[in-house]
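Chemist: Below you'll find target.txt; it's compact mmCIF, C-alpha atoms.
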```txt
# COMPACT_ATOMS: atom_id res chain seq x y z
CA MET A 4 104.85 113.23 -161.15
CA GLU A 5 105.04 114.86 -164.58
CA ASN A 6 101.47 116.16 -164.09
CA LYS A 7 102.24 117.86 -160.78
CA LYS A 8 101.72 121.61 -160.61
CA PHE A 9 102.83 123.94 -157.83
CA ARG A 10 101.22 127.14 -156.63
CA VAL A 11 103.88 128.89 -154.54
CA LYS A 12 104.83 132.38 -153.41
CA ALA A 13 108.58 131.80 -153.00
CA ILE A 14 111.20 129.51 -154.53
CA LEU A 15 114.36 128.76 -152.53
CA LEU A 16 117.09 127.66 -154.91
CA ASP A 17 120.42 125.95 -154.33
CA LEU A 18 123.52 127.33 -156.08
CA ASP A 19 126.07 124.66 -157.08
CA GLY A 20 124.62 122.09 -159.44
CA THR A 21 121.36 124.00 -159.74
CA ILE A 22 122.13 127.56 -160.84
CA VAL A 23 125.81 127.18 -161.66
CA ASP A 24 127.91 124.25 -162.90
CA SER A 25 130.75 123.69 -160.42
CA ARG A 26 132.19 120.43 -161.75
CA ARG A 27 135.40 122.08 -162.94
CA ALA A 28 135.84 123.65 -159.52
CA TYR A 29 135.45 120.23 -157.86
CA LEU A 30 138.08 118.77 -160.19
CA GLU A 31 140.56 121.59 -159.60
CA ALA A 32 140.08 121.39 -155.83
CA VAL A 33 140.72 117.63 -155.77
CA LYS A 34 143.83 117.94 -157.93
CA THR A 35 145.18 120.81 -155.84
CA ALA A 36 144.58 119.03 -152.53
CA PHE A 37 146.15 115.73 -153.59
CA ALA A 38 149.11 117.53 -155.18
CA ALA A 39 149.70 119.41 -151.93
CA MET A 40 149.83 116.04 -150.16
CA GLY A 41 152.39 114.69 -152.65
CA GLN A 42 150.02 112.66 -154.80
CA LYS A 43 150.18 113.63 -158.48
CA THR A 44 147.50 111.34 -159.92
CA VAL A 45 143.83 111.46 -159.00
CA ASP A 46 141.14 108.83 -159.44
CA VAL A 47 138.46 110.75 -161.35
CA SER A 48 135.72 108.64 -159.77
CA ILE A 49 136.21 110.45 -156.46
CA VAL A 50 135.99 113.98 -157.88
CA THR A 51 132.24 114.15 -157.21
CA GLU A 52 132.19 111.56 -154.43
CA ILE A 53 134.19 113.82 -152.12
CA PRO A 54 131.80 116.82 -152.27
CA LYS A 55 128.82 114.46 -151.99
CA ARG A 56 130.15 113.12 -148.72
CA ILE A 57 131.22 116.51 -147.41
CA GLU A 58 127.68 117.83 -147.95
CA GLN A 59 126.25 114.91 -146.01
CA ASN A 60 128.91 115.10 -143.29
CA LEU A 61 130.07 111.58 -144.15
CA PRO A 62 133.67 110.30 -143.74
CA ILE A 63 136.03 110.54 -146.73
CA ASN A 64 139.12 108.87 -145.22
CA ASP A 65 138.67 105.75 -147.37
CA LEU A 66 139.11 107.92 -150.48
CA LEU A 67 142.36 109.57 -149.42
CA ASN A 68 144.97 106.78 -149.64
CA GLY A 69 146.21 107.33 -146.11
CA ILE A 70 146.21 111.14 -146.24
CA ARG A 71 144.96 112.78 -143.06
CA THR A 72 141.41 114.00 -143.58
CA LYS A 73 141.81 117.27 -141.68
CA GLU A 74 144.89 118.31 -143.66
CA PHE A 75 143.28 117.32 -146.95
CA LEU A 76 140.07 119.21 -146.24
CA GLU A 77 141.91 122.40 -145.28
CA VAL A 78 143.56 122.51 -148.71
CA TYR A 79 140.57 121.13 -150.62
CA LEU A 80 137.99 123.60 -149.31
CA LYS A 81 140.28 126.60 -149.77
CA ALA A 82 141.05 125.47 -153.33
CA TYR A 83 137.38 124.83 -154.06
CA TYR A 84 136.16 128.23 -152.94
CA HIS A 85 138.98 129.87 -154.90
CA ALA A 86 138.20 127.78 -158.00
CA THR A 87 134.50 128.67 -157.99
CA THR A 88 135.49 132.26 -158.72
CA GLU A 89 137.02 131.27 -162.07
CA ARG A 90 135.72 127.79 -162.85
CA SER A 91 132.00 127.86 -162.13
CA ARG A 92 129.72 128.67 -165.04
CA PRO A 93 126.02 129.49 -165.22
CA MET A 94 123.83 126.59 -166.24
CA PRO A 95 122.60 126.77 -169.85
CA ASN A 96 119.64 129.14 -170.34
CA ILE A 97 119.51 129.83 -166.60
CA SER A 98 118.96 133.58 -166.98
CA GLU A 99 115.77 133.10 -168.98
CA THR A 100 114.60 130.46 -166.52
CA LEU A 101 115.16 132.70 -163.50
CA LYS A 102 113.34 135.51 -165.26
CA ARG A 103 110.32 133.25 -165.82
CA LEU A 104 110.44 131.98 -162.24
CA SER A 105 110.73 135.50 -160.79
CA GLU A 106 107.56 136.46 -162.63
CA LYS A 107 105.69 133.74 -160.74
CA ALA A 108 107.27 133.87 -157.26
CA LYS A 109 109.87 135.55 -155.06
CA LEU A 110 113.32 133.97 -155.42
CA ALA A 111 116.00 133.35 -152.79
CA LEU A 112 119.33 131.56 -153.02
CA ILE A 113 120.65 129.29 -150.27
CA THR A 114 124.14 127.81 -150.53
CA MET A 115 126.23 125.61 -148.24
CA ARG A 116 129.41 127.41 -149.30
CA HIS A 117 131.26 128.71 -146.23
CA VAL A 118 131.94 132.11 -147.77
CA PRO A 119 130.67 135.65 -147.12
CA LYS A 120 127.42 136.46 -148.89
CA VAL A 121 129.14 139.23 -150.83
CA ARG A 122 131.29 136.62 -152.60
CA VAL A 123 128.23 134.77 -153.85
CA VAL A 124 126.47 137.97 -154.86
CA GLU A 125 129.56 139.03 -156.84
CA GLU A 126 129.54 135.68 -158.65
CA LEU A 127 125.87 136.08 -159.47
CA GLU A 128 126.47 139.63 -160.70
CA ARG A 129 129.24 138.38 -162.96
CA PHE A 130 126.71 136.10 -164.61
CA ASP A 131 124.03 138.85 -164.52
CA LEU A 132 121.84 136.69 -162.26
CA ALA A 133 121.86 138.62 -158.97
CA ARG A 134 118.91 140.79 -160.02
CA TYR A 135 116.53 137.84 -159.82
CA PHE A 136 117.12 137.08 -156.12
CA GLN A 137 115.54 138.96 -153.26
CA HIS A 138 117.69 137.22 -150.66
CA VAL A 139 120.95 135.24 -150.53
CA VAL A 140 122.08 133.05 -147.61
CA THR A 141 125.40 131.21 -147.21
CA ALA A 142 126.56 128.75 -144.56
CA LEU A 143 128.12 131.68 -142.69
CA ASP A 144 124.73 133.33 -142.21
CA THR A 145 123.22 130.54 -140.12
CA GLN A 146 124.22 128.54 -137.08
CA TYR A 147 123.08 125.27 -138.63
CA PRO A 148 123.49 124.62 -142.39
CA LYS A 149 121.23 122.45 -144.54
CA PRO A 150 119.65 119.95 -143.91
CA SER A 151 118.65 122.16 -140.98
CA PRO A 152 115.63 124.26 -141.99
CA GLU A 153 117.16 127.37 -140.38
CA ALA A 154 118.27 129.07 -143.61
CA LEU A 155 114.99 128.28 -145.34
CA ILE A 156 112.93 129.67 -142.47
CA HIS A 157 115.14 132.76 -142.40
CA CYS A 158 114.54 133.39 -146.12
CA ALA A 159 110.80 132.88 -145.83
CA GLU A 160 110.60 135.32 -142.94
CA ARG A 161 112.63 137.94 -144.81
CA MET A 162 110.30 137.60 -147.80
CA SER A 163 107.14 137.54 -145.64
CA VAL A 164 106.09 134.13 -146.95
CA GLN A 165 104.79 131.09 -145.05
CA MET A 166 106.84 127.88 -145.32
CA ARG A 167 103.85 126.04 -146.79
CA ASP A 168 103.95 128.50 -149.70
CA CYS A 169 107.64 127.83 -150.47
CA LEU A 170 109.29 125.47 -152.92
CA VAL A 171 112.86 124.24 -152.37
CA VAL A 172 114.85 123.34 -155.48
CA GLY A 173 118.28 121.71 -155.53
CA ASP A 174 120.50 118.96 -156.92
CA SER A 175 121.46 117.50 -153.55
CA VAL A 176 119.83 115.08 -151.15
CA ILE A 177 120.59 117.72 -148.51
CA ASP A 178 118.38 120.23 -150.31
CA ILE A 179 115.47 117.80 -150.29
CA ARG A 180 116.00 116.96 -146.61
CA ALA A 181 116.16 120.65 -145.70
CA GLY A 182 112.93 121.31 -147.55
CA LYS A 183 111.16 118.45 -145.84
CA ASN A 184 112.46 119.60 -142.45
CA ALA A 185 111.03 123.04 -143.19
CA LYS A 186 107.71 121.54 -144.37
CA THR A 187 108.05 122.98 -147.88
CA LYS A 188 107.43 121.44 -151.27
CA THR A 189 110.61 120.00 -152.83
CA VAL A 190 112.03 119.54 -156.33
CA GLY A 191 115.24 117.68 -157.11
CA VAL A 192 117.22 118.45 -160.28
CA LEU A 193 119.66 116.12 -162.06
CA SER A 194 122.03 118.86 -163.24
CA GLY A 195 124.42 118.39 -160.31
CA ILE A 196 126.43 115.55 -158.79
CA PHE A 197 123.63 113.44 -157.30
CA SER A 198 121.96 110.67 -159.29
CA LEU A 199 118.31 109.96 -159.94
CA VAL A 200 118.46 106.98 -157.55
CA GLU A 201 119.99 109.11 -154.77
CA LEU A 202 117.44 111.91 -155.18
CA ALA A 203 114.47 109.56 -155.55
CA ALA A 204 115.37 107.92 -152.24
CA GLU A 205 114.58 111.24 -150.53
CA LYS A 206 111.08 111.28 -152.05
CA PRO A 207 110.91 114.86 -153.33
CA ASP A 208 107.62 116.06 -154.79
CA LEU A 209 109.20 116.17 -158.25
CA ILE A 210 112.48 115.36 -160.02
CA LEU A 211 113.48 117.26 -163.18
CA GLU A 212 116.41 117.10 -165.56
CA SER A 213 117.22 120.72 -164.72
CA VAL A 214 115.68 123.81 -163.20
CA ASN A 215 114.94 125.01 -166.74
CA ARG A 216 111.85 122.80 -166.78
CA LEU A 217 110.48 124.17 -163.51
CA PRO A 218 108.45 127.10 -164.92
CA ASP A 219 106.23 124.59 -166.72
CA PHE A 220 105.25 123.09 -163.37
CA LEU A 221 104.16 126.34 -161.73
CA VAL A 222 100.58 127.54 -161.78
```
Could you render the structure from this file as structure tokens?
Modeler:
Amino acid sequence: MENKKFRVKAILLDLDGTIVDSRRAYLEAVKTAFAAMGQKTVDVSIVTEIPKRIEQNLPINDLLNGIRTKEFLEVYLKAYYHATTERSRPMPNISETLKRLSEKAKLALITMRHVPKVRVVEELERFDLARYFQHVVTALDTQYPKPSPEALIHCAERMSVQMRDCLVVGDSVIDIRAGKNAKTKTVGVLSGIFSLVELAAEKPDLILESVNRLPDFLV
């Protein structure tokens, strides 16, 4: 796989775990949600397990010590989206990487965050990254979020690019599934909360330590 090279016209990138590091936001959201339910201590092993399951629409009740899932999620998601404003940080050297990528292909950002697009754009502007993206899509912009191909198809159409000429890049199994559903090429990155074993099980075209290595794999 290390010898694989891609010739693409557009790259559709995930946000959390790919462009920005959101681990501190996950931790703050878990602490806030459990505290609101009267539980002061948190098992750190579930800090990343909860968002993993939420992304995949899997149950989390076994992680909540009897707390009602609906009540927990209401507090957790609100806390998470608030925390990303202050706790998320750009991945190391990401600006230079996006500059190199934008010189080779059109870039779009697709996130599963249920927030208005303007919130994401403001976050990108704060990190001086918004200028690299021609299009941004959040979960509020589509009827069906990833792994549905809807957002990917929408981006490709807006950028006048065929799906076969697109590359989807993300840290989540959901990103890989969305790319495969859209018939694009796929790259998994290990900079987020999913492991090599979890990503490899989805059979992406390539797995990299981070998106920073991607420019070397583009023709």
Chemist: What does the structure give for the distance between atom CA of A:Glu201 and atom CA of A:Ser151, in Å to one decimal?
Modeler: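 Here the two named atoms are 19.0 Å from each other.
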Chemist: Neighbouring residues of A:Glu205 were defined as those with any atom within 8 Å, considering all atoms listed in the file; residues of the same chain fewer than 6 positions away were excluded. Please report them as a list in words.
Modeler: Val176, Ile179 and Arg180 of chain A
Chemist: Check the smallest atom-to-atom distance from each of A:Leu104, A:Val164, A:Ile53, A:Ala13 to A:Leu80 using only C-alpha atoms, then report the winner.
Modeler: A:Ile53
Chemist: Taking (113.1, 112.0, -151.3) as a centre in this file's frame and 10 Å as the limit, can you find every polymer residue with an atom that close, using all atoms listed in the file, and give them as a VMD selection string?
Modeler: chain A and resid 176 to 180 183 189 to 191 200 to 210
Chemist: At a cut-off of 7 Å, using only C-alpha atoms, what residues contact stretch 16-29 of chain A? Leave out same-chain residues fewer than 3 positions from it and give the result as a PDB file with C-alpha atoms, in the coordinates of the input.
Modeler:
```
ATOM      1  CA  ALA A  32     140.080 121.390-155.830  1.00  0.00           C
ATOM      2  CA  VAL A  33     140.720 117.630-155.770  1.00  0.00           C
ATOM      3  CA  VAL A  50     135.990 113.980-157.880  1.00  0.00           C
ATOM      4  CA  THR A  51     132.240 114.150-157.210  1.00  0.00           C
ATOM      5  CA  TYR A  83     137.380 124.830-154.060  1.00  0.00           C
ATOM      6  CA  ALA A  86     138.200 127.780-158.000  1.00  0.00           C
ATOM      7  CA  THR A  87     134.500 128.670-157.990  1.00  0.00           C
ATOM      8  CA  ARG A  90     135.720 127.790-162.850  1.00  0.00           C
ATOM      9  CA  SER A  91     132.000 127.860-162.130  1.00  0.00           C
ATOM     10  CA  ARG A  92     129.720 128.670-165.040  1.00  0.00           C
ATOM     11  CA  PRO A  93     126.020 129.490-165.220  1.00  0.00           C
ATOM     12  CA  MET A  94     123.830 126.590-166.240  1.00  0.00           C
ATOM     13  CA  ILE A  97     119.510 129.830-166.600  1.00  0.00           C
ATOM     14  CA  ALA A 111     116.000 133.350-152.790  1.00  0.00           C
ATOM     15  CA  LEU A 112     119.330 131.560-153.020  1.00  0.00           C
ATOM     16  CA  ILE A 113     120.650 129.290-150.270  1.00  0.00           C
ATOM     17  CA  THR A 114     124.140 127.810-150.530  1.00  0.00           C
ATOM     18  CA  VAL A 171     112.860 124.240-152.370  1.00  0.00           C
ATOM     19  CA  VAL A 172     114.850 123.340-155.480  1.00  0.00           C
ATOM     20  CA  GLY A 173     118.280 121.710-155.530  1.00  0.00           C
ATOM     21  CA  ASP A 174     120.500 118.960-156.920  1.00  0.00           C
ATOM     22  CA  VAL A 192     117.220 118.450-160.280  1.00  0.00           C
ATOM     23  CA  SER A 194     122.030 118.860-163.240  1.00  0.00           C
ATOM     24  CA  GLY A 195     124.420 118.390-160.310  1.00  0.00           C
ATOM     25  CA  ILE A 196     126.430 115.550-158.790  1.00  0.00           C
ATOM     26  CA  VAL A 214     115.680 123.810-163.200  1.00  0.00           C
TER      27      VAL A 214
END
```
